[in-house]
file target-v3.cif (mmCIF, C-alpha atoms)
data_input
#
loop_
_atom_site.label_atom_id
_atom_site.label_comp_id
_atom_site.auth_asym_id
_atom_site.auth_seq_id
_atom_site.Cartn_x
_atom_site.Cartn_y
_atom_site.Cartn_z
CA MET A 660 0.00 0.00 0.00
CA LYS A 661 1.40 3.35 -1.03
CA LYS A 662 1.83 5.82 1.75
CA LEU A 663 0.12 9.18 1.33
CA ILE A 664 1.11 11.91 3.76
CA LEU A 665 -1.64 14.40 4.51
CA LEU A 666 -0.23 17.62 5.89
CA ALA A 667 -2.36 19.71 8.18
CA VAL A 668 -2.90 23.06 6.54
CA ILE A 669 -0.76 25.89 7.88
CA GLY A 670 -2.08 29.39 8.07
CA LEU A 671 -4.57 32.03 9.00
CA GLY A 672 -7.70 30.14 8.08
CA ILE A 673 -9.41 30.57 11.42
CA VAL A 674 -10.91 34.00 11.82
CA SER A 675 -10.23 35.44 15.23
CA CYS A 676 -12.00 38.27 16.96
CA THR A 677 -10.57 41.02 19.08
CA THR A 678 -12.78 43.06 21.36
CA GLN A 679 -12.07 46.76 21.36
CA LYS A 680 -12.37 47.79 24.99
CA ASN A 681 -13.54 51.33 24.39
CA THR A 682 -16.35 50.53 21.97
CA GLY A 683 -17.14 46.87 22.42
CA LYS A 684 -16.82 46.51 18.63
CA MET A 685 -15.67 43.15 17.28
CA THR A 686 -12.89 43.36 14.71
CA GLU A 687 -12.50 40.33 12.45
CA LEU A 688 -8.94 39.19 11.94
CA PRO A 689 -7.44 38.42 9.61
CA LYS A 690 -8.78 40.28 6.61
CA GLU A 691 -9.41 38.34 3.42
CA TRP A 692 -6.32 39.69 1.63
CA LYS A 693 -3.99 38.03 4.08
CA HIS A 694 -4.85 34.58 2.70
CA THR A 695 -3.77 35.47 -0.82
CA THR A 696 -1.06 38.10 -0.45
CA ASN A 697 2.67 38.05 -0.98
CA ILE A 698 5.29 40.33 0.60
CA TYR A 699 8.04 42.25 -1.22
CA GLU A 700 10.78 43.63 1.03
CA VAL A 701 11.90 47.12 0.00
CA ASN A 702 15.45 48.21 0.85
CA ILE A 703 15.02 51.94 0.19
CA ARG A 704 18.72 52.74 0.71
CA GLN A 705 19.88 50.36 -2.00
CA TYR A 706 16.86 50.35 -4.30
CA THR A 707 17.83 53.41 -6.33
CA GLN A 708 20.79 55.71 -6.77
CA GLU A 709 18.85 58.38 -4.89
CA GLY A 710 17.80 56.02 -2.12
CA THR A 711 14.59 57.94 -1.46
CA PHE A 712 10.86 57.28 -1.20
CA LYS A 713 10.23 59.48 -4.23
CA ALA A 714 12.68 57.50 -6.35
CA PHE A 715 11.20 54.19 -5.26
CA ALA A 716 7.65 55.38 -6.01
CA LYS A 717 8.51 55.27 -9.73
CA GLU A 718 9.07 51.50 -9.42
CA MET A 719 5.68 50.68 -7.89
CA PRO A 720 3.72 50.33 -11.17
CA ARG A 721 6.31 47.78 -12.34
CA LEU A 722 5.98 45.82 -9.10
CA LYS A 723 2.21 45.97 -9.34
CA ALA A 724 2.40 44.51 -12.85
CA MET A 725 4.66 41.75 -11.51
CA GLY A 726 1.97 40.69 -9.05
CA VAL A 727 3.39 42.13 -5.83
CA ARG A 728 0.62 42.81 -3.32
CA THR A 729 2.21 43.86 -0.02
CA LEU A 730 5.22 46.17 0.29
CA TRP A 731 7.39 45.79 3.39
CA PHE A 732 9.63 48.79 3.99
CA MET A 733 12.78 48.15 5.99
CA PRO A 734 13.07 50.57 8.97
CA ILE A 735 12.18 54.11 7.95
CA THR A 736 13.15 55.80 11.24
CA PRO A 737 16.31 57.92 11.73
CA ILE A 738 19.55 56.03 12.35
CA ALA A 739 21.53 56.57 15.57
CA GLN A 740 24.98 58.06 15.00
CA GLN A 741 26.77 57.08 18.20
CA ASN A 742 28.67 53.78 17.76
CA LYS A 743 27.13 53.33 14.32
CA LYS A 744 28.54 50.74 11.96
CA GLY A 745 30.06 51.84 8.67
CA SER A 746 29.51 55.31 7.26
CA LEU A 747 25.71 55.15 7.20
CA GLY A 748 24.85 52.87 10.10
CA SER A 749 22.20 50.18 10.46
CA PRO A 750 18.53 50.95 9.80
CA TYR A 751 17.85 48.69 12.78
CA ALA A 752 19.56 51.13 15.20
CA ALA A 753 16.79 53.70 15.60
CA ALA A 754 17.34 57.22 16.91
CA ASP A 755 13.64 58.06 17.17
CA TYR A 756 10.52 55.94 16.76
CA THR A 757 8.23 58.63 15.36
CA SER A 758 10.37 60.41 12.77
CA ILE A 759 11.56 59.68 9.23
CA ASN A 760 15.14 58.93 8.25
CA PRO A 761 16.13 62.08 6.30
CA GLU A 762 18.23 59.85 4.05
CA PHE A 763 14.91 58.64 2.58
CA GLY A 764 12.95 61.91 2.48
CA THR A 765 10.33 63.55 4.67
CA MET A 766 7.27 62.42 6.57
CA GLU A 767 5.15 63.92 3.79
CA ASP A 768 7.11 61.87 1.26
CA PHE A 769 6.31 58.70 3.17
CA LYS A 770 2.63 59.57 3.53
CA ALA A 771 2.54 60.20 -0.20
CA ILE A 772 4.11 56.84 -1.03
CA VAL A 773 1.63 55.01 1.23
CA ASN A 774 -1.26 56.85 -0.42
CA GLU A 775 0.06 56.01 -3.87
CA ALA A 776 0.63 52.39 -2.87
CA HIS A 777 -2.96 52.16 -1.67
CA ARG A 778 -4.19 53.76 -4.89
CA LEU A 779 -2.34 51.08 -6.86
CA GLY A 780 -3.83 48.35 -4.69
CA PHE A 781 -0.84 47.53 -2.47
CA LYS A 782 -0.89 46.95 1.26
CA VAL A 783 2.01 48.53 3.18
CA ILE A 784 3.79 47.23 6.27
CA ILE A 785 6.82 48.74 7.99
CA ASP A 786 9.69 47.19 9.88
CA TRP A 787 9.33 47.67 13.64
CA VAL A 788 12.39 47.27 15.87
CA ALA A 789 11.02 46.90 19.40
CA ASN A 790 13.83 45.04 21.13
CA HIS A 791 16.50 47.73 21.01
CA THR A 792 17.47 51.21 19.84
CA GLY A 793 20.66 52.99 18.88
CA TRP A 794 22.88 54.54 21.56
CA ASP A 795 21.62 58.09 21.01
CA HIS A 796 17.93 57.39 20.62
CA VAL A 797 15.92 60.26 22.08
CA TRP A 798 14.76 58.00 24.91
CA THR A 799 18.33 57.62 26.18
CA LYS A 800 18.14 61.29 27.18
CA THR A 801 14.45 61.76 27.99
CA HIS A 802 13.77 58.34 29.54
CA PRO A 803 17.01 56.49 30.38
CA GLY A 804 14.97 54.26 32.68
CA PHE A 805 13.42 52.68 29.59
CA TYR A 806 16.64 50.69 29.06
CA LEU A 807 18.26 47.62 30.55
CA LYS A 808 21.44 48.47 32.47
CA ASP A 809 24.57 46.49 33.29
CA SER A 810 25.92 46.25 36.84
CA ASP A 811 28.05 49.35 36.20
CA GLY A 812 24.94 51.34 35.26
CA LYS A 813 25.75 51.51 31.55
CA PHE A 814 23.23 50.66 28.86
CA HIS A 815 23.10 46.94 28.07
CA ILE A 816 24.46 46.10 24.61
CA ALA A 817 22.31 43.78 22.52
CA SER A 818 23.77 40.32 22.03
CA GLY A 819 26.45 40.35 19.34
CA MET A 820 25.59 43.85 18.09
CA ASP A 821 27.49 46.67 19.76
CA ASP A 822 25.70 49.48 17.89
CA ILE A 823 22.41 48.85 19.71
CA ILE A 824 21.17 48.77 23.32
CA GLU A 825 18.26 46.82 24.77
CA LEU A 826 15.01 48.14 26.18
CA ASP A 827 13.54 47.08 29.52
CA TYR A 828 10.14 45.47 29.04
CA LYS A 829 9.52 45.37 32.77
CA ASN A 830 9.04 49.13 32.50
CA GLN A 831 5.33 49.68 31.91
CA GLU A 832 5.78 53.31 30.92
CA MET A 833 8.20 52.23 28.18
CA ARG A 834 5.69 49.69 26.93
CA LYS A 835 3.03 52.36 26.65
CA ALA A 836 5.42 54.67 24.81
CA MET A 837 6.29 51.86 22.39
CA ILE A 838 2.62 51.14 21.73
CA ASP A 839 1.90 54.84 21.24
CA ALA A 840 4.75 55.01 18.72
CA MET A 841 3.30 52.10 16.76
CA LYS A 842 -0.13 53.71 16.84
CA PHE A 843 1.43 56.89 15.49
CA TRP A 844 2.34 55.25 12.18
CA VAL A 845 -1.08 53.69 11.75
CA THR A 846 -2.92 56.90 12.59
CA GLU A 847 -0.65 59.33 10.76
CA THR A 848 0.33 57.33 7.67
CA ASP A 849 -2.38 54.63 7.36
CA ILE A 850 -0.01 51.67 7.09
CA ASP A 851 -1.53 48.17 7.07
CA GLY A 852 0.75 46.32 9.47
CA PHE A 853 4.17 45.62 10.89
CA ARG A 854 7.08 43.29 10.27
CA CYS A 855 8.43 42.92 13.81
CA ASP A 856 12.20 42.55 13.96
CA LEU A 857 13.54 39.89 16.36
CA ALA A 858 10.01 39.52 17.74
CA SER A 859 10.93 36.63 20.04
CA TRP A 860 13.64 38.74 21.71
CA VAL A 861 10.78 40.78 23.17
CA GLU A 862 8.57 39.27 25.90
CA VAL A 863 5.52 37.67 24.31
CA ASP A 864 3.19 39.41 26.71
CA PHE A 865 4.21 42.75 25.20
CA TRP A 866 2.90 41.66 21.80
CA GLN A 867 -0.22 40.31 23.50
CA GLN A 868 -0.66 43.76 25.02
CA ALA A 869 0.33 45.77 21.95
CA ARG A 870 -1.66 44.15 19.18
CA PRO A 871 -5.18 44.84 20.48
CA GLU A 872 -4.18 48.33 21.57
CA VAL A 873 -2.71 49.30 18.20
CA GLU A 874 -5.62 47.68 16.40
CA LYS A 875 -8.02 50.06 18.06
CA VAL A 876 -7.05 52.21 15.09
CA LYS A 877 -7.69 49.50 12.46
CA PRO A 878 -7.06 45.77 11.87
CA LEU A 879 -3.48 45.08 10.85
CA PHE A 880 -1.22 42.36 9.47
CA TRP A 881 1.58 41.23 11.84
CA LEU A 882 4.64 39.38 10.53
CA GLY A 883 7.05 38.30 13.26
CA GLU A 884 10.71 37.46 12.87
CA PHE A 885 10.73 34.18 14.78
CA ASP A 886 10.24 30.52 13.98
CA GLU A 887 7.07 29.13 15.51
CA LEU A 888 8.62 25.70 15.91
CA GLU A 889 10.99 27.30 18.41
CA SER A 890 8.65 29.98 19.85
CA PRO A 891 5.12 28.53 19.68
CA GLU A 892 3.62 31.03 22.10
CA TYR A 893 4.41 33.90 19.71
CA GLY A 894 2.43 32.21 16.96
CA LYS A 895 -0.74 32.85 18.91
CA VAL A 896 -0.19 36.61 18.50
CA PHE A 897 1.23 37.00 14.98
CA ASP A 898 -0.47 36.35 11.66
CA ALA A 899 2.71 34.97 10.11
CA SER A 900 6.25 34.13 11.14
CA TYR A 901 9.58 33.21 9.63
CA SER A 902 10.60 29.72 8.55
CA TRP A 903 14.17 29.93 9.83
CA LYS A 904 14.56 26.20 10.41
CA TRP A 905 13.44 25.49 6.86
CA MET A 906 15.80 28.12 5.46
CA HIS A 907 18.83 26.74 7.30
CA LYS A 908 17.87 23.12 6.66
CA SER A 909 17.30 23.68 2.95
CA ALA A 910 20.68 25.41 2.60
CA ASP A 911 22.38 22.52 4.41
CA TYR A 912 20.46 20.06 2.24
CA TYR A 913 22.00 21.54 -0.88
CA LYS A 914 25.50 22.34 0.36
CA LYS A 915 26.02 19.28 2.55
CA ASN A 916 24.05 16.75 0.49
CA GLU A 917 21.70 15.97 3.35
CA PRO A 918 18.69 13.67 2.70
CA LEU A 919 15.64 15.26 1.08
CA GLN A 920 13.48 13.24 3.46
CA GLU A 921 14.70 15.46 6.30
CA LEU A 922 13.22 18.48 4.53
CA LYS A 923 9.94 16.64 4.05
CA ASP A 924 9.91 15.68 7.72
CA LEU A 925 10.43 19.33 8.63
CA LEU A 926 7.44 20.33 6.50
CA VAL A 927 5.34 17.88 8.48
CA GLN A 928 6.52 19.55 11.69
CA TYR A 929 5.47 22.95 10.37
CA SER A 930 2.11 21.56 9.30
CA ASN A 931 1.49 20.22 12.79
CA ILE A 932 1.48 23.79 14.14
CA GLY A 933 -2.06 24.15 12.83
CA ASP A 934 -4.14 26.79 11.12
CA ASN A 935 -3.92 29.83 13.36
CA SER A 936 -0.80 31.28 11.76
CA MET A 937 1.18 31.20 8.54
CA ARG A 938 4.80 30.76 7.65
CA ALA A 939 6.67 33.21 5.41
CA TRP A 940 8.73 31.28 2.85
CA PHE A 941 11.68 32.91 1.11
CA THR A 942 14.98 32.33 -0.65
CA ALA A 943 16.43 35.77 0.17
CA ASN A 944 15.99 38.71 2.53
CA HIS A 945 18.15 41.61 3.69
CA ASP A 946 20.05 39.59 6.31
CA GLU A 947 20.61 36.53 4.16
CA ASN A 948 21.67 38.51 1.12
CA SER A 949 24.20 40.66 2.97
CA TRP A 950 25.68 38.12 5.36
CA ASN A 951 25.17 34.63 3.91
CA GLY A 952 24.83 35.22 0.18
CA THR A 953 22.28 35.50 -2.59
CA GLU A 954 19.89 32.65 -3.28
CA TYR A 955 22.21 31.57 -6.08
CA GLU A 956 25.13 31.26 -3.69
CA LYS A 957 23.02 29.26 -1.25
CA TYR A 958 20.91 27.13 -3.57
CA ALA A 959 22.63 27.30 -6.98
CA VAL A 960 20.78 24.96 -9.36
CA ILE A 961 17.76 24.56 -7.09
CA ALA A 962 17.27 28.32 -6.61
CA LYS A 963 14.26 28.42 -8.93
CA PRO A 964 12.65 25.24 -7.59
CA MET A 965 13.04 26.72 -4.10
CA ALA A 966 11.38 29.93 -5.29
CA VAL A 967 8.48 27.92 -6.72
CA PHE A 968 8.14 26.15 -3.39
CA SER A 969 8.08 29.47 -1.51
CA ALA A 970 5.20 30.72 -3.63
CA THR A 971 3.09 27.56 -3.66
CA TRP A 972 3.48 25.92 -0.24
CA ASN A 973 1.05 26.82 2.51
CA GLY A 974 1.78 30.30 3.83
CA VAL A 975 2.90 33.62 2.40
CA PRO A 976 5.73 34.13 -0.14
CA LEU A 977 8.35 36.74 0.69
CA LEU A 978 10.62 38.35 -1.92
CA TYR A 979 13.57 40.70 -1.51
CA SER A 980 14.52 43.76 -3.54
CA GLY A 981 16.13 42.82 -6.85
CA GLN A 982 15.21 39.15 -6.99
CA GLU A 983 13.29 39.86 -10.17
CA LEU A 984 16.53 40.82 -12.00
CA PRO A 985 18.02 38.48 -10.69
CA ASN A 986 20.36 40.30 -8.28
CA MET A 987 23.58 38.29 -8.15
CA LYS A 988 25.48 40.32 -5.56
CA ARG A 989 25.51 40.75 -1.81
CA LEU A 990 24.35 44.26 -0.92
CA GLU A 991 26.37 46.21 1.64
CA PHE A 992 24.47 46.70 4.88
CA PHE A 993 26.07 49.82 6.36
CA GLU A 994 27.11 51.60 3.15
CA LYS A 995 25.46 52.89 0.02
CA ASP A 996 25.49 50.02 -2.48
CA PRO A 997 22.66 50.37 -5.02
CA ILE A 998 21.17 47.41 -6.82
CA LYS A 999 22.53 47.29 -10.37
CA TRP A 1000 19.25 47.46 -12.25
CA THR A 1001 19.13 46.69 -15.95
CA LYS A 1002 16.44 47.41 -18.53
CA THR A 1003 15.36 43.78 -18.42
CA TYR A 1004 13.94 41.93 -15.46
CA GLN A 1005 14.71 38.37 -16.41
CA VAL A 1006 12.83 36.74 -13.53
CA ALA A 1007 9.84 39.10 -13.40
CA ASP A 1008 7.56 36.95 -15.58
CA PHE A 1009 8.52 33.88 -13.56
CA TYR A 1010 7.47 35.62 -10.35
CA LYS A 1011 4.34 37.12 -11.93
CA THR A 1012 3.13 33.65 -12.88
CA LEU A 1013 3.67 32.40 -9.34
CA LEU A 1014 2.33 35.44 -7.50
CA ASP A 1015 -0.81 35.65 -9.63
CA LEU A 1016 -1.43 31.93 -9.17
CA LYS A 1017 -1.04 32.37 -5.41
CA ALA A 1018 -3.47 35.30 -5.43
CA PHE A 1019 -6.20 33.88 -7.62
CA ASN A 1020 -6.23 30.08 -7.25
CA PRO A 1021 -8.24 29.06 -4.16
CA ALA A 1022 -6.05 25.96 -3.72
CA LEU A 1023 -3.09 28.18 -2.76
CA ARG A 1024 -4.84 30.21 -0.09
CA GLY A 1025 -2.61 30.46 2.97
CA GLY A 1026 -4.09 29.16 6.18
CA ASP A 1027 -7.51 28.35 4.79
CA PRO A 1028 -8.96 25.27 6.54
CA ASN A 1029 -10.72 24.38 3.29
CA VAL A 1030 -7.32 23.72 1.69
CA SER A 1031 -5.59 20.37 2.07
CA THR A 1032 -1.92 19.80 1.24
CA TYR A 1033 -0.60 16.37 0.28
CA LEU A 1034 2.98 15.26 -0.16
CA LEU A 1035 3.14 12.82 -3.08
CA ASN A 1036 5.15 9.65 -3.50
CA THR A 1037 7.34 9.37 -6.59
CA THR A 1038 9.81 6.81 -7.86
CA ALA A 1039 12.55 9.32 -6.95
CA ASN A 1040 11.57 10.45 -3.46
CA ASP A 1041 15.21 11.22 -2.67
CA LYS A 1042 15.40 13.78 -5.47
CA ILE A 1043 11.89 15.05 -6.17
CA LEU A 1044 9.59 17.15 -4.00
CA ALA A 1045 6.02 16.78 -5.23
CA TYR A 1046 2.79 17.91 -3.62
CA VAL A 1047 -0.76 18.84 -4.45
CA ARG A 1048 -2.97 21.41 -2.76
CA LYS A 1049 -6.74 21.13 -3.02
CA ASN A 1050 -9.67 23.38 -2.26
CA GLY A 1051 -12.94 21.95 -3.50
CA LYS A 1052 -12.70 21.56 -7.27
CA ASP A 1053 -9.50 23.63 -7.43
CA GLU A 1054 -6.14 21.85 -7.36
CA VAL A 1055 -2.50 22.90 -7.81
CA LEU A 1056 0.16 20.26 -8.43
CA VAL A 1057 3.82 21.21 -7.86
CA VAL A 1058 6.77 19.06 -8.92
CA LEU A 1059 10.34 20.16 -8.16
CA ASN A 1060 13.73 18.69 -9.04
CA MET A 1061 15.62 19.24 -5.78
CA SER A 1062 18.70 17.36 -6.95
CA LYS A 1063 21.87 18.29 -8.82
CA GLU A 1064 21.22 15.90 -11.71
CA PRO A 1065 18.57 15.03 -14.31
CA VAL A 1066 15.82 12.71 -13.04
CA ASN A 1067 13.33 10.43 -14.77
CA PHE A 1068 10.48 9.53 -12.41
CA THR A 1069 6.81 8.79 -11.99
CA ILE A 1070 4.26 10.14 -9.52
CA GLU A 1071 2.96 6.98 -7.86
CA ASP A 1072 0.07 8.33 -5.79
CA GLY A 1073 -3.44 8.00 -7.16
CA ASN A 1074 -4.30 11.40 -5.74
CA ILE A 1075 -3.70 13.05 -9.12
CA SER A 1076 -6.18 12.51 -11.94
CA GLY A 1077 -7.78 14.38 -14.78
CA THR A 1078 -6.57 17.25 -16.92
CA PHE A 1079 -4.36 20.03 -15.55
CA ARG A 1080 -2.89 23.15 -17.14
CA ASN A 1081 0.86 23.78 -16.92
CA VAL A 1082 0.95 27.41 -15.74
CA PHE A 1083 4.40 28.14 -17.18
CA GLU A 1084 4.16 26.32 -20.50
CA LYS A 1085 0.44 27.09 -21.02
CA THR A 1086 -0.18 23.49 -22.09
CA LYS A 1087 -2.64 20.87 -20.87
CA ARG A 1088 -1.85 17.42 -19.54
CA ASN A 1089 -4.18 14.53 -18.79
CA PHE A 1090 -2.70 12.63 -15.85
CA ASP A 1091 -5.05 9.71 -16.42
CA GLU A 1092 -2.83 8.93 -19.40
CA GLY A 1093 0.38 8.82 -17.38
CA LYS A 1094 2.36 10.52 -14.63
CA ASP A 1095 5.87 10.13 -16.00
CA PHE A 1096 8.34 13.02 -15.95
CA SER A 1097 11.78 13.63 -17.38
CA PHE A 1098 13.38 16.56 -15.55
CA LYS A 1099 16.62 18.30 -16.31
CA VAL A 1100 18.68 19.97 -13.59
CA SER A 1101 16.78 22.98 -12.13
CA ASP A 1102 13.46 21.83 -13.62
CA TYR A 1103 10.12 22.49 -12.00
CA ALA A 1104 6.49 22.21 -13.08
CA VAL A 1105 3.31 23.74 -11.71
CA PHE A 1106 -0.12 22.59 -12.86
CA GLU A 1107 -3.58 23.88 -11.98
CA LYS A 1108 -6.93 22.18 -12.31
#

call {"tool": "encode", "arguments": {"input": "target-v3.cif", "output": "structure tokens"}}
result
Amino acid sequence: MKKLILLAVIGLGIVSCTTQKNTGKMTELPKEWKHTTNIYEVNIRQYTQEGTFKAFAKEMPRLKAMGVRTLWFMPITPIAQQNKKGSLGSPYAAADYTSINPEFGTMEDFKAIVNEAHRLGFKVIIDWVANHTGWDHVWTKTHPGFYLKDSDGKFHIASGMDDIIELDYKNQEMRKAMIDAMKFWVTETDIDGFRCDLASWVEVDFWQQARPEVEKVKPLFWLGEFDELESPEYGKVFDASYSWKWMHKSADYYKKNEPLQELKDLLVQYSNIGDNSMRAWFTANHDENSWNGTEYEKYAVIAKPMAVFSATWNGVPLLYSGQELPNMKRLEFFEKDPIKWTKTYQVADFYKTLLDLKAFNPALRGGDPNVSTYLLNTTANDKILAYVRKNGKDEVLVVLNMSKEPVNFTIEDGNISGTFRNVFEKTKRNFDEGKDFSFKVSDYAVFEK
């Protein structure tokens, strides 16, 4: 008897309700768009030669045409100058939580870009760095008691990062100030959510306190930088989280020739989390690109199959600035180092196909309890990752060559039948007539029914 693995669906399928204390109004979370969105991380500093909001605004129609639906702006607050790294410093070392980094423009420039993004149909989330600030953040002078201190009374340096100092979450006044700062951006600029940096470095009860308070303004999308397998309690607060274990395991799989079955086993672990939160799947982001390499350094010949996985597995796909080129270089983190754009975006159509499929095919809805995800058996289980996602009459079949060599194989499971459309080749295939494949290195196939 062939073994069929049914994976519990991961995501935001269960609608939760938050009571607003002042009004008694029930706010439904999450909103419908969260099931079908994708996230594109914008590195304003490196996106254009100018490195400004106004310069980036010119790129938004192109990203809209590519199928991008949510824009995540890396930190937009001013950068602390004391003990900064490099000539420009880290965007994650804030000097003030309620001002704009003048490197990028003005507050009015940011409001304008959010308004234009909304007009084009984007959602907008901003990076929020709650764990720490830079050394000369305004609070260090106005509220030094907001910070953790060492035994000698000096500000406590964040682990491994000497340009930032940690806040004291036992201080209730600081918590209120942090929440008020988050509310500021929602009220003043009408953003749609937050990507919370190092979310699990902050006590979970702060997020439990902050989310309903900030959402008195409006319902928001919350992406947390943590892995729910390691921090399950945070998954009860955030709509989506990182898939760090998958990212590290998949890189080791390729570089160290580890068994593909270990990746499949990890997917089962993620599925067992349940339906109250989603995973963000990615092949690159600002940290990975700058410190560990581009997706082509990490994944080489399986870079595109990994990208297909990120867009079609249960959750939310996350892209980084320049992946549509593709960007083949590591971007400097503390210096000006613009992406080398060309007149052609070689991977844009590839991503458009995936992002539109994610948005419009009900079988790819993230965290919808009506969607079931099945891993499929093949005659090359050690080289091929194959799965099908189903939602009523809608199905999406994904087949990926995860090896470094050509593979001839057959899908053995009887869970695939009938005629599907190959979304990349625009051809039809009747799987009742056979399920044989002949894949070259780097090959992938995505079919919808």

call {"tool": "resolve_selection", "arguments": {"input": "target-v3.cif", "expression": "the PyMOL selection byres ((chain A and resi 975-984) around 8)", "output": "PyMOL selection string"}}
result
chain A and resi 694-702+706+899+937-945+969-971+973-974+985-986+998+1000-1001+1003-1007+1010+1025

call {"tool": "resolve_selection", "arguments": {"input": "target-v3.cif", "expression": "the PyMOL selection byres ((chain A and resi 734) around 10)", "output": "ChimeraX atom specification"}}
result
/A:701-703,731-733,735-738,749-753,756,759-760,785-788,854,856

call {"tool": "residues_around", "arguments": {"input": "target-v3.cif", "residues": "Phe1083 (chain A)", "least_positions_apart": "6", "cutoff": "12 Å", "atoms": "only C-alpha atoms", "output": "list in words"}}
result
Val967, Asp1008, Phe1009, Tyr1010, Lys1011, Thr1012, Leu1013, Asp1015, Leu1016, Val1057, Asp1102, Tyr1103, Ala1104, Val1105, Phe1106 and Glu1107 of chain A

call {"tool": "resolve_selection", "arguments": {"input": "target-v3.cif", "expression": "the PyMOL selection byres ((chain A and resi 823) around 12)", "output": "JSON, numbers by chain"}}
result
{"A": [738, 739, 740, 741, 742, 743, 744, 748, 749, 750, 751, 752, 753, 754, 788, 789, 790, 791, 792, 793, 794, 795, 796, 799, 806, 807, 814, 815, 816, 817, 818, 819, 820, 821, 822, 824, 825, 826]}

call {"tool": "write_last_selection", "arguments": {"input": "target-v3.cif", "atoms": "C-alpha atoms", "output": "PDB file, in the frame of the given file"}}
result
ATOM      1  CA  ILE A 738      19.550  56.030  12.350  1.00  0.00           C
ATOM      2  CA  ALA A 739      21.530  56.570  15.570  1.00  0.00           C
ATOM      3  CA  GLN A 740      24.980  58.060  15.000  1.00  0.00           C
ATOM      4  CA  GLN A 741      26.770  57.080  18.200  1.00  0.00           C
ATOM      5  CA  ASN A 742      28.670  53.780  17.760  1.00  0.00           C
ATOM      6  CA  LYS A 743      27.130  53.330  14.320  1.00  0.00           C
ATOM      7  CA  LYS A 744      28.540  50.740  11.960  1.00  0.00           C
ATOM      8  CA  GLY A 748      24.850  52.870  10.100  1.00  0.00           C
ATOM      9  CA  SER A 749      22.200  50.180  10.460  1.00  0.00           C
ATOM     10  CA  PRO A 750      18.530  50.950   9.800  1.00  0.00           C
ATOM     11  CA  TYR A 751      17.850  48.690  12.780  1.00  0.00           C
ATOM     12  CA  ALA A 752      19.560  51.130  15.200  1.00  0.00           C
ATOM     13  CA  ALA A 753      16.790  53.700  15.600  1.00  0.00           C
ATOM     14  CA  ALA A 754      17.340  57.220  16.910  1.00  0.00           C
ATOM     15  CA  VAL A 788      12.390  47.270  15.870  1.00  0.00           C
ATOM     16  CA  ALA A 789      11.020  46.900  19.400  1.00  0.00           C
ATOM     17  CA  ASN A 790      13.830  45.040  21.130  1.00  0.00           C
ATOM     18  CA  HIS A 791      16.500  47.730  21.010  1.00  0.00           C
ATOM     19  CA  THR A 792      17.470  51.210  19.840  1.00  0.00           C
ATOM     20  CA  GLY A 793      20.660  52.990  18.880  1.00  0.00           C
ATOM     21  CA  TRP A 794      22.880  54.540  21.560  1.00  0.00           C
ATOM     22  CA  ASP A 795      21.620  58.090  21.010  1.00  0.00           C
ATOM     23  CA  HIS A 796      17.930  57.390  20.620  1.00  0.00           C
ATOM     24  CA  THR A 799      18.330  57.620  26.180  1.00  0.00           C
ATOM     25  CA  TYR A 806      16.640  50.690  29.060  1.00  0.00           C
ATOM     26  CA  LEU A 807      18.260  47.620  30.550  1.00  0.00           C
ATOM     27  CA  PHE A 814      23.230  50.660  28.860  1.00  0.00           C
ATOM     28  CA  HIS A 815      23.100  46.940  28.070  1.00  0.00           C
ATOM     29  CA  ILE A 816      24.460  46.100  24.610  1.00  0.00           C
ATOM     30  CA  ALA A 817      22.310  43.780  22.520  1.00  0.00           C
ATOM     31  CA  SER A 818      23.770  40.320  22.030  1.00  0.00           C
ATOM     32  CA  GLY A 819      26.450  40.350  19.340  1.00  0.00           C
ATOM     33  CA  MET A 820      25.590  43.850  18.090  1.00  0.00           C
ATOM     34  CA  ASP A 821      27.490  46.670  19.760  1.00  0.00           C
ATOM     35  CA  ASP A 822      25.700  49.480  17.890  1.00  0.00           C
ATOM     36  CA  ILE A 824      21.170  48.770  23.320  1.00  0.00           C
ATOM     37  CA  GLU A 825      18.260  46.820  24.770  1.00  0.00           C
ATOM     38  CA  LEU A 826      15.010  48.140  26.180  1.00  0.00           C
TER      39      LEU A 826
END

call {"tool": "closest_residue", "arguments": {"input": "target-v3.cif", "among": "A:Trp950, A:Phe1019, A:Trp866, A:Trp860", "to": "Met841 (chain A)", "atoms": "only C-alpha atoms"}}
result
A:Trp866

call {"tool": "atom_distance", "arguments": {"input": "target-v3.cif", "atom1": "CA of Ser902 (chain A)", "atom2": "CA of Asp886 (chain A)"}}
result
5.5 Å

call {"tool": "atom_distance", "arguments": {"input": "target-v3.cif", "atom1": "CA of Leu1035 (chain A)", "atom2": "CA of Trp692 (chain A)"}}
result
28.9 Å

call {"tool": "closest_residue", "arguments": {"input": "target-v3.cif", "among": "A:Ala966, A:Val960, A:Ile850, A:Ala724", "to": "His777 (chain A)", "atoms": "only C-alpha atoms"}}
result
A:Ile850

call {"tool": "atom_distance", "arguments": {"input": "target-v3.cif", "atom1": "CA of Ala776 (chain A)", "atom2": "CA of Gly710 (chain A)"}}
result
17.6 Å

call {"tool": "closest_residue", "arguments": {"input": "target-v3.cif", "among": "A:Asp911, A:Glu874, A:Glu718, A:Asp851", "to": "Val773 (chain A)", "atoms": "only C-alpha atoms"}}
result
A:Asp851
